[in-house]
file my_file34.txt (compact mmCIF, C-alpha atoms)
# COMPACT_ATOMS: atom_id res chain seq x y z
CA MET A 12 113.79 90.91 86.44
CA ALA A 13 117.17 90.54 88.13
CA THR A 14 118.43 90.12 91.66
CA PHE A 15 121.82 91.06 93.12
CA GLU A 16 123.46 89.07 95.91
CA ALA A 17 125.91 90.63 98.38
CA LYS A 18 128.68 88.29 97.18
CA GLY A 19 128.87 90.15 93.87
CA VAL A 20 126.59 87.82 91.90
CA ILE A 21 123.65 88.77 89.69
CA TYR A 22 120.84 86.40 88.72
CA PHE A 23 118.42 87.17 85.92
CA TYR A 24 115.86 85.37 83.82
CA SER A 25 115.43 85.52 80.04
CA VAL A 26 112.24 84.39 78.36
CA ALA A 27 113.86 85.13 74.99
CA ARG A 28 116.33 82.32 75.58
CA GLU A 29 113.83 79.52 76.13
CA ASP A 30 113.18 80.21 79.82
CA GLU A 31 116.76 80.26 81.05
CA TRP A 32 118.33 81.66 84.21
CA TYR A 33 121.75 83.29 84.18
CA ARG A 34 124.27 83.90 86.93
CA ILE A 35 126.86 86.65 86.50
CA ASP A 36 129.86 86.82 88.79
CA LEU A 37 131.02 90.42 88.47
CA GLU A 38 134.63 89.50 89.26
CA SER A 39 134.85 87.13 86.30
CA LEU A 40 132.53 88.98 83.93
CA PRO A 41 135.26 90.30 81.57
CA ARG A 42 136.69 86.80 81.04
CA GLU A 43 133.74 84.43 80.89
CA LYS A 44 131.19 83.59 78.23
CA LEU A 45 127.70 83.83 79.68
CA ARG A 46 125.94 80.47 79.86
CA PRO A 47 122.60 79.56 81.46
CA ILE A 48 122.70 77.93 84.88
CA ALA A 49 119.14 76.61 84.77
CA GLY A 50 116.55 75.81 82.18
CA GLY A 51 114.03 73.19 81.26
CA PHE A 52 111.36 74.74 83.43
CA THR A 53 108.91 76.92 81.54
CA LEU A 54 107.39 79.58 83.77
CA GLU A 55 103.63 79.81 83.77
CA GLU A 56 102.23 83.22 82.95
CA GLY A 57 102.52 85.51 85.97
CA THR A 58 105.16 83.47 87.82
CA ARG A 59 107.47 85.47 90.07
CA TRP A 60 110.80 84.39 91.51
CA THR A 61 113.63 85.23 93.90
CA VAL A 62 117.01 83.85 95.01
CA VAL A 63 117.88 82.80 98.57
CA GLY A 64 121.45 81.63 99.07
CA GLU A 65 122.18 79.53 95.99
CA ASP A 66 118.57 78.50 95.37
CA ILE A 67 116.02 79.94 92.90
CA TYR A 68 112.39 79.91 94.07
CA CYS A 69 109.38 80.42 91.76
CA THR A 70 105.64 80.68 92.43
CA GLY A 71 102.39 82.41 91.46
CA GLY A 72 101.76 81.55 87.81
CA LEU A 73 98.53 80.75 85.97
CA ARG A 74 97.62 77.18 85.06
CA MET A 75 95.02 77.27 82.31
CA ASP A 76 94.25 73.53 82.60
CA SER A 77 92.91 73.67 86.16
CA ASP A 78 89.85 75.01 87.95
CA ASP A 79 92.17 76.34 90.64
CA ALA A 80 93.93 78.44 88.00
CA VAL A 81 96.64 80.09 90.12
CA SER A 82 99.52 77.76 90.95
CA ARG A 83 100.12 77.58 94.69
CA LYS A 84 103.25 75.47 94.39
CA LEU A 85 106.73 76.72 95.25
CA HIS A 86 109.44 75.45 92.89
CA LYS A 87 113.13 75.33 93.78
CA TYR A 88 116.38 74.98 91.83
CA ASN A 89 119.83 74.72 93.42
CA THR A 90 122.40 76.50 91.24
CA THR A 91 125.50 74.89 92.80
CA LYS A 92 124.77 71.28 91.85
CA PRO A 93 125.39 70.81 88.12
CA ASN A 94 124.32 67.17 88.26
CA ASN A 95 121.22 67.65 90.37
CA SER A 96 117.81 66.32 89.45
CA GLY A 97 116.65 69.72 88.24
CA TRP A 98 113.66 71.60 89.56
CA GLN A 99 111.99 70.41 92.76
CA THR A 100 108.47 71.20 93.96
CA ILE A 101 108.07 72.06 97.64
CA PRO A 102 105.44 69.68 99.10
CA SER A 103 103.63 72.35 101.13
CA SER A 104 101.29 74.57 99.05
CA ARG A 105 100.55 78.27 99.45
CA LYS A 106 97.43 79.22 101.37
CA LEU A 107 96.46 82.19 99.17
CA GLY A 108 95.68 82.29 95.47
CA TRP A 109 97.17 85.63 94.45
CA CYS A 110 98.43 85.70 90.84
CA LYS A 111 101.53 87.68 89.79
CA PRO A 112 102.61 88.38 93.37
CA PHE A 113 105.78 90.13 94.51
CA VAL A 114 108.29 87.57 95.79
CA PHE A 115 111.42 88.16 97.88
CA GLY A 116 113.57 86.37 100.44
CA TYR A 117 114.56 87.56 103.89
CA GLU A 118 116.12 85.63 106.82
CA GLU A 119 115.27 82.10 105.66
CA LYS A 120 111.76 83.04 104.60
CA ILE A 121 110.17 83.41 101.15
CA TYR A 122 107.62 86.25 101.15
CA VAL A 123 104.81 86.20 98.58
CA VAL A 124 102.78 89.43 98.74
CA GLY A 125 100.31 91.36 96.61
CA GLY A 126 99.14 90.23 93.20
CA TYR A 127 95.58 90.05 91.95
CA ARG A 128 92.62 87.70 92.23
CA TYR A 129 92.12 85.66 89.10
CA SER A 130 88.43 85.35 88.20
CA ARG A 131 88.50 81.57 87.83
CA ASP A 132 89.75 81.27 91.40
CA LEU A 133 86.98 83.33 93.03
CA SER A 134 84.91 80.21 93.65
CA VAL A 135 87.78 78.47 95.42
CA ASN A 136 87.74 78.64 99.20
CA SER A 137 90.50 81.22 99.61
CA SER A 138 91.10 84.12 101.93
CA TRP A 139 91.49 87.44 100.14
CA THR A 140 91.87 89.54 103.29
CA SER A 141 95.63 89.17 103.86
CA TRP A 142 98.30 91.05 101.91
CA GLY A 143 100.33 87.87 101.55
CA GLU A 144 102.13 85.01 103.20
CA PHE A 145 105.60 83.62 103.80
CA TYR A 146 107.24 80.21 103.62
CA ASN A 147 109.59 79.29 106.48
CA LEU A 148 112.52 77.39 104.96
CA ARG A 149 113.43 75.80 108.30
CA THR A 150 109.99 74.52 109.28
CA GLY A 151 108.62 73.96 105.77
CA THR A 152 105.34 75.73 106.54
CA TRP A 153 103.33 78.63 105.12
CA HIS A 154 101.97 81.47 107.28
CA CYS A 155 99.64 84.33 106.31
CA LEU A 156 100.56 87.93 107.12
CA SER A 157 98.34 89.65 109.64
CA ALA A 158 98.24 92.89 107.60
CA LYS A 159 94.75 93.08 106.12
CA VAL A 160 93.71 94.41 102.72
CA GLN A 161 91.42 97.40 103.16
CA PRO A 162 88.80 97.78 100.40
CA GLN A 163 90.03 101.22 99.32
CA TYR A 164 93.54 99.83 98.78
CA ASP A 165 92.53 96.56 97.12
CA TYR A 166 93.67 97.68 93.64
CA PHE A 167 97.27 98.12 94.78
CA GLY A 168 97.81 94.36 94.75
CA ALA A 169 97.84 94.37 90.94
CA CYS A 170 100.12 97.44 90.69
CA PRO A 171 103.87 97.26 89.96
CA ALA A 172 106.02 96.85 93.06
CA VAL A 173 109.62 97.06 94.21
CA LEU A 174 111.53 96.07 97.34
CA MET A 175 112.91 98.89 99.48
CA ASN A 176 115.12 98.54 102.57
CA LYS A 177 115.09 94.71 102.39
CA THR A 178 111.65 94.23 103.98
CA THR A 179 109.30 96.92 102.60
CA VAL A 180 107.44 96.35 99.34
CA VAL A 181 106.36 99.58 97.63
CA PHE A 182 103.35 99.33 95.29
CA TYR A 183 102.89 102.34 92.99
CA SER A 184 100.02 103.57 90.85
CA LEU A 185 100.79 106.01 88.04
CA GLY A 186 97.10 106.26 87.28
CA ASP A 187 96.07 108.03 90.49
CA GLY A 188 99.49 109.07 91.84
CA SER A 189 99.80 107.06 95.04
CA LEU A 190 102.11 104.66 96.85
CA LEU A 191 101.40 101.83 99.25
CA PHE A 192 104.12 100.65 101.63
CA LEU A 193 103.91 97.10 102.99
CA ASN A 194 106.50 95.96 105.51
CA ALA A 195 106.08 92.22 105.26
CA VAL A 196 108.25 91.51 108.31
CA SER A 197 106.62 93.93 110.76
CA ASP A 198 103.17 93.37 109.17
CA THR A 199 102.43 97.08 108.71
CA VAL A 200 100.92 98.94 105.77
CA HIS A 201 100.22 102.58 104.90
CA CYS A 202 99.34 104.63 101.81
CA GLU A 203 100.64 108.00 100.58
CA LYS A 204 99.30 110.38 97.94
CA HIS A 205 101.84 111.57 95.36
CA PRO A 206 100.07 113.78 92.80
CA ASN A 207 103.29 114.40 90.87
CA LEU A 208 103.83 110.66 90.43
CA LYS A 209 100.83 110.57 88.10
CA PHE A 210 101.62 110.76 84.40
CA GLY A 211 100.74 109.24 81.05
CA ASP A 212 97.46 108.87 79.21
CA GLN A 213 94.67 110.17 81.46
CA GLY A 214 91.86 109.65 78.96
CA CYS A 215 91.29 113.09 77.48
CA ALA A 216 94.89 114.28 77.88
CA PHE A 217 98.48 113.09 78.25
CA LEU A 218 99.73 114.31 81.62
CA VAL A 219 103.36 115.43 81.92
CA PRO A 220 104.49 115.87 85.54
CA ASP A 221 107.04 118.37 86.82
CA GLY A 222 110.56 117.20 86.09
CA LEU A 223 109.75 115.33 82.87
CA GLN A 224 108.97 118.25 80.56
CA GLY A 225 112.18 117.60 78.61
CA CYS A 226 111.54 113.88 78.08
CA GLN A 227 111.41 113.17 74.33
CA TYR A 228 110.13 109.61 74.73
CA LEU A 229 107.47 110.02 77.41
CA ASP A 230 105.20 107.38 75.86
CA LEU A 231 108.10 104.92 76.03
CA LEU A 232 108.82 105.80 79.65
CA THR A 233 105.12 105.37 80.47
CA HIS A 234 105.24 101.83 79.12
CA VAL A 235 108.48 101.01 80.96
CA ALA A 236 107.23 102.40 84.28
CA ARG A 237 103.91 100.57 84.09
CA PHE A 238 105.17 97.15 83.11
CA THR A 239 108.69 96.71 84.51
CA GLN A 240 110.04 96.60 88.02
CA PRO A 241 111.99 99.72 89.03
CA LEU A 242 115.01 99.88 91.29
CA ALA A 243 114.66 101.45 94.76
CA TYR A 244 117.66 103.26 96.22
CA ASN A 245 117.70 105.88 98.99
CA SER A 246 113.93 106.52 98.84
CA THR A 247 114.01 106.98 95.06
CA LEU A 248 112.49 104.77 92.37
CA TYR A 249 114.64 104.43 89.24
CA TRP A 250 113.94 103.27 85.70
CA PHE A 251 116.40 103.01 82.80
CA SER A 252 114.47 103.47 79.58
CA CYS A 253 115.33 102.53 76.02
CA ASP A 254 116.27 106.15 75.20
CA MET A 255 119.30 105.43 77.45
CA CYS A 256 118.25 107.92 80.12
CA LEU A 257 117.94 107.17 83.83
CA TYR A 258 114.66 108.40 85.31
CA GLY A 259 113.89 108.73 88.99
CA TYR A 260 111.02 109.60 91.27
CA ASP A 261 112.13 110.98 94.66
CA ILE A 262 109.57 109.76 97.22
CA ASP A 263 110.67 112.24 99.91
CA LYS A 264 110.71 115.30 97.62
CA LYS A 265 107.76 114.04 95.52
CA ARG A 266 109.33 114.96 92.20
CA TRP A 267 110.69 113.40 89.00
CA PHE A 268 114.12 113.90 87.47
CA GLN A 269 116.08 112.48 84.54
CA SER A 270 119.72 112.08 83.62
CA ASN A 271 121.48 112.92 80.41
CA SER A 272 121.22 110.32 77.67
CA LEU A 273 124.06 107.91 76.87
CA GLN A 274 123.08 107.93 73.20
CA GLY A 275 126.05 109.05 71.16
CA ASP A 276 128.49 108.30 73.98
CA LEU A 277 128.51 104.53 73.32
CA PRO A 278 129.12 102.60 70.08
CA TRP A 279 125.70 100.89 70.24
CA SER A 280 122.07 101.70 70.97
CA LEU A 281 119.08 100.03 72.59
CA THR A 282 115.91 98.86 70.88
CA LEU A 283 113.53 101.83 70.93
CA HIS A 284 110.30 99.88 70.80
CA PRO A 285 107.72 100.55 73.55
CA ARG A 286 105.83 97.29 72.94
CA ARG A 287 108.75 94.89 73.13
CA LEU A 288 109.03 94.30 76.84
CA ILE A 289 111.67 91.71 76.28
CA CYS A 290 114.10 94.46 75.19
CA ILE A 291 113.51 96.83 78.09
CA PRO A 292 116.73 97.19 80.12
CA ILE A 293 117.12 95.58 83.53
CA LEU A 294 118.51 97.93 86.17
CA VAL A 295 120.50 96.34 89.01
CA ASP A 296 121.67 97.96 92.27
CA LEU A 297 125.25 96.91 93.02
CA CYS A 298 124.87 98.09 96.64
CA ASN A 299 127.83 100.50 96.40
CA GLY A 300 126.14 103.57 94.96
CA LYS A 301 126.45 102.20 91.43
CA PHE A 302 123.88 100.72 89.06
CA LEU A 303 124.35 98.13 86.33
CA VAL A 304 122.22 97.93 83.18
CA ILE A 305 121.55 94.64 81.38
CA ALA A 306 120.04 95.22 77.96
CA ALA A 307 119.45 93.86 74.46
CA LEU A 308 121.51 95.85 71.97
CA ASP A 309 121.11 96.96 68.37
CA PHE A 310 124.27 96.54 66.29

call {"tool": "encode", "arguments": {"input": "my_file34.txt", "output": "structure tokens"}}
result
Amino acid sequence: MATFEAKGVIYFYSVAREDEWYRIDLESLPREKLRPIAGGFTLEEGTRWTVVGEDIYCTGGLRMDSDDAVSRKLHKYNTTKPNNSGWQTIPSSRKLGWCKPFVFGYEEKIYVVGGYRYSRDLSVNSSWTSWGEFYNLRTGTWHCLSAKVQPQYDYFGACPAVLMNKTTVVFYSLGDGSLLFLNAVSDTVHCEKHPNLKFGDQGCAFLVPDGLQGCQYLDLLTHVARFTQPLAYNSTLYWFSCDMCLYGYDIDKKRWFQSNSLQGDLPWSLTLHPRRLICIPILVDLCNGKFLVIAALDF
């Protein structure tokens, strides 16, 4: 996962490098050697994070040594203080016990939405009716969203998600071809059917939707789309797969498309291994109509 700040700075996290965070200033990228800005804090399984200002916030992981298995703590790291005391834990705990939530920041608030209910937490006195909650950085308090989880949409919480238009989280299901839109700021939610979004192994057959008939690595794309966060730009979801093609699903036109491959045009290639999530490229929106790819390379 990576996040892009308007000041031309990219933050991303690498589990391959002993749980380290990196900060890339695009203006100095050609001249600097990339070094981690934060480490020493091992993320629990399922933890999600975001950046607000110069601070990294993490929450939502699993703690296997506790009856209340989902961590409700919010952890913070300030990236501008090289001699700081490291990671800090916000005193106020989350109200809900969703694991692997979607986390983003907007106007001095940390939104924690979606996720799934971990079985060991079902006996804990929690509310499972709200789509999420937010932490107010000024008041230091948590508040639940008023948008309620309807039973027929309950499964969306565990689906992949992406932020669109700064405040709307889009959950998508490739299994049944549908999208759920949650505006965490206005507290509204609605679902749309997208039959052409559905693809991959459907039990007795491997479904290939319109627009992807020419994809040579459809099994690889299936893995990337199911397990990595896409990029949302102008009502389109984008993935950059290890075959060095850009794939998109146009929400308005309800169709897939793919770009030409960069293989052969560059002096290196990506790791074509559908089970090594750590090598799947990270796609970043630079907010100027251009995308940046961060990837592990084969030399």

call {"tool": "atom_distance", "arguments": {"input": "my_file34.txt", "atom1": "atom CA of A:Ser189", "atom2": "atom CA of A:Lys265"}}
result
10.6 Å

call {"tool": "closest_residue", "arguments": {"input": "my_file34.txt", "among": "A:Ala195, A:Leu257, A:Leu277, A:Ile35", "to": "A:Phe145", "atoms": "only C-alpha atoms"}}
result
A:Ala195

call {"tool": "atom_distance", "arguments": {"input": "my_file34.txt", "atom1": "atom CA of A:Leu208", "atom2": "atom CA of A:Asp165"}}
result
19.3 Å

call {"tool": "residues_around", "arguments": {"input": "my_file34.txt", "residues": "A:Asn194", "least_positions_apart": "6", "cutoff": "8 Å", "atoms": "only C-alpha atoms", "output": "compact mmCIF listing (two decimals) with C-alpha atoms, in the frame of the given file"}}
result
# COMPACT_ATOMS: atom_id res chain seq x y z
CA THR A 178 111.65 94.23 103.98
CA THR A 179 109.30 96.92 102.60
CA VAL A 180 107.44 96.35 99.34
CA VAL A 200 100.92 98.94 105.77

call {"tool": "residues_near_point", "arguments": {"input": "my_file34.txt", "point": "(99.3, 88.6, 108.2)", "cutoff": "9 Å", "atoms": "only C-alpha atoms", "output": "mmCIF file with C-alpha atoms, in the frame of the given file"}}
result
data_model
loop_
_atom_site.group_PDB
_atom_site.id
_atom_site.type_symbol
_atom_site.label_atom_id
_atom_site.label_comp_id
_atom_site.auth_asym_id
_atom_site.auth_seq_id
_atom_site.Cartn_x
_atom_site.Cartn_y
_atom_site.Cartn_z
ATOM 1 C CA THR A 140 91.870 89.540 103.290
ATOM 2 C CA SER A 141 95.630 89.170 103.860
ATOM 3 C CA TRP A 142 98.300 91.050 101.910
ATOM 4 C CA GLY A 143 100.330 87.870 101.550
ATOM 5 C CA GLU A 144 102.130 85.010 103.200
ATOM 6 C CA HIS A 154 101.970 81.470 107.280
ATOM 7 C CA CYS A 155 99.640 84.330 106.310
ATOM 8 C CA LEU A 156 100.560 87.930 107.120
ATOM 9 C CA SER A 157 98.340 89.650 109.640
ATOM 10 C CA ALA A 158 98.240 92.890 107.600
ATOM 11 C CA LYS A 159 94.750 93.080 106.120
ATOM 12 C CA ALA A 195 106.080 92.220 105.260
ATOM 13 C CA ASP A 198 103.170 93.370 109.170
#

call {"tool": "atom_distance", "arguments": {"input": "my_file34.txt", "atom1": "atom CA of A:Asp296", "atom2": "atom CA of A:Tyr244"}}
result
7.7 Å

call {"tool": "residues_around", "arguments": {"input": "my_file34.txt", "residues": "A:Ser270", "least_positions_apart": "2", "cutoff": "9 Å", "atoms": "all atoms listed in the file", "output": "list in words"}}
result
Cys256, Leu257, Tyr258, Gly259, Phe268 and Ser272 of chain A

call {"tool": "residues_near_point", "arguments": {"input": "my_file34.txt", "point": "(108.0, 71.9, 92.0)", "cutoff": "6 Å", "atoms": "all atoms listed in the file", "output": "ChimeraX atom specification"}}
result
/A:85-86,99-101

call {"tool": "residues_around", "arguments": {"input": "my_file34.txt", "residues": "A:Asn176", "least_positions_apart": "3", "cutoff": "12 Å", "atoms": "only C-alpha atoms", "output": "PDB file with C-alpha atoms, keeping the file's coordinate frame"}}
result
ATOM      1  CA  PHE A 115     111.420  88.160  97.880  1.00  0.00           C
ATOM      2  CA  TYR A 117     114.560  87.560 103.890  1.00  0.00           C
ATOM      3  CA  VAL A 173     109.620  97.060  94.210  1.00  0.00           C
ATOM      4  CA  THR A 179     109.300  96.920 102.600  1.00  0.00           C
ATOM      5  CA  VAL A 180     107.440  96.350  99.340  1.00  0.00           C
ATOM      6  CA  VAL A 181     106.360  99.580  97.630  1.00  0.00           C
ATOM      7  CA  PHE A 192     104.120 100.650 101.630  1.00  0.00           C
ATOM      8  CA  LEU A 193     103.910  97.100 102.990  1.00  0.00           C
ATOM      9  CA  ASN A 194     106.500  95.960 105.510  1.00  0.00           C
ATOM     10  CA  ALA A 195     106.080  92.220 105.260  1.00  0.00           C
ATOM     11  CA  VAL A 196     108.250  91.510 108.310  1.00  0.00           C
ATOM     12  CA  LEU A 242     115.010  99.880  91.290  1.00  0.00           C
ATOM     13  CA  ALA A 243     114.660 101.450  94.760  1.00  0.00           C
ATOM     14  CA  TYR A 244     117.660 103.260  96.220  1.00  0.00           C
ATOM     15  CA  ASN A 245     117.700 105.880  98.990  1.00  0.00           C
ATOM     16  CA  SER A 246     113.930 106.520  98.840  1.00  0.00           C
ATOM     17  CA  THR A 247     114.010 106.980  95.060  1.00  0.00           C
ATOM     18  CA  CYS A 298     124.870  98.090  96.640  1.00  0.00           C
TER      19      CYS A 298
END

call {"tool": "residues_around", "arguments": {"input": "my_file34.txt", "residues": "A:Trp109", "least_positions_apart": "6", "cutoff": "7 Å", "atoms": "only C-alpha atoms", "output": "list in words"}}
result
Gly71, Gly125, Gly126, Tyr127 and Arg128 of chain A

call {"tool": "write_last_selection", "arguments": {"input": "my_file34.txt", "atoms": "C-alpha atoms", "output": "PDB file, in the frame of the given file"}}
result
ATOM      1  CA  GLY A  71     102.390  82.410  91.460  1.00  0.00           C
ATOM      2  CA  GLY A 125     100.310  91.360  96.610  1.00  0.00           C
ATOM      3  CA  GLY A 126      99.140  90.230  93.200  1.00  0.00           C
ATOM      4  CA  TYR A 127      95.580  90.050  91.950  1.00  0.00           C
ATOM      5  CA  ARG A 128      92.620  87.700  92.230  1.00  0.00           C
TER       6      ARG A 128
END

call {"tool": "residues_around", "arguments": {"input": "my_file34.txt", "residues": "stretch 60-70 of chain A", "least_positions_apart": "6", "cutoff": "8 Å", "atoms": "only C-alpha atoms", "output": "PyMOL selection string"}}
result
chain A and resi 14+22+82-91+114-117+119

call {"tool": "closest_residue", "arguments": {"input": "my_file34.txt", "among": "A:Leu232, A:Leu218, A:Ile21, A:Ile48", "to": "A:Leu294", "atoms": "only C-alpha atoms"}}
result
A:Ile21

call {"tool": "closest_residue", "arguments": {"input": "my_file34.txt", "among": "A:Pro162, A:Gly19, A:Gln274, A:Gly225", "to": "A:Asn299", "atoms": "all atoms listed in the file"}}
result
A:Gly19

call {"tool": "closest_residue", "arguments": {"input": "my_file34.txt", "among": "A:Gly151, A:Lys92, A:Ala172, A:Trp267", "to": "A:Arg59", "atoms": "all atoms listed in the file"}}
result
A:Ala172

call {"tool": "closest_residue", "arguments": {"input": "my_file34.txt", "among": "A:Gly57, A:His205, A:Pro292, A:Leu273", "to": "A:Val235", "atoms": "all atoms listed in the file"}}
result
A:Pro292

call {"tool": "closest_residue", "arguments": {"input": "my_file34.txt", "among": "A:Val123, A:Val219, A:Cys226, A:Leu248", "to": "A:Leu190", "atoms": "only C-alpha atoms"}}
result
A:Leu248
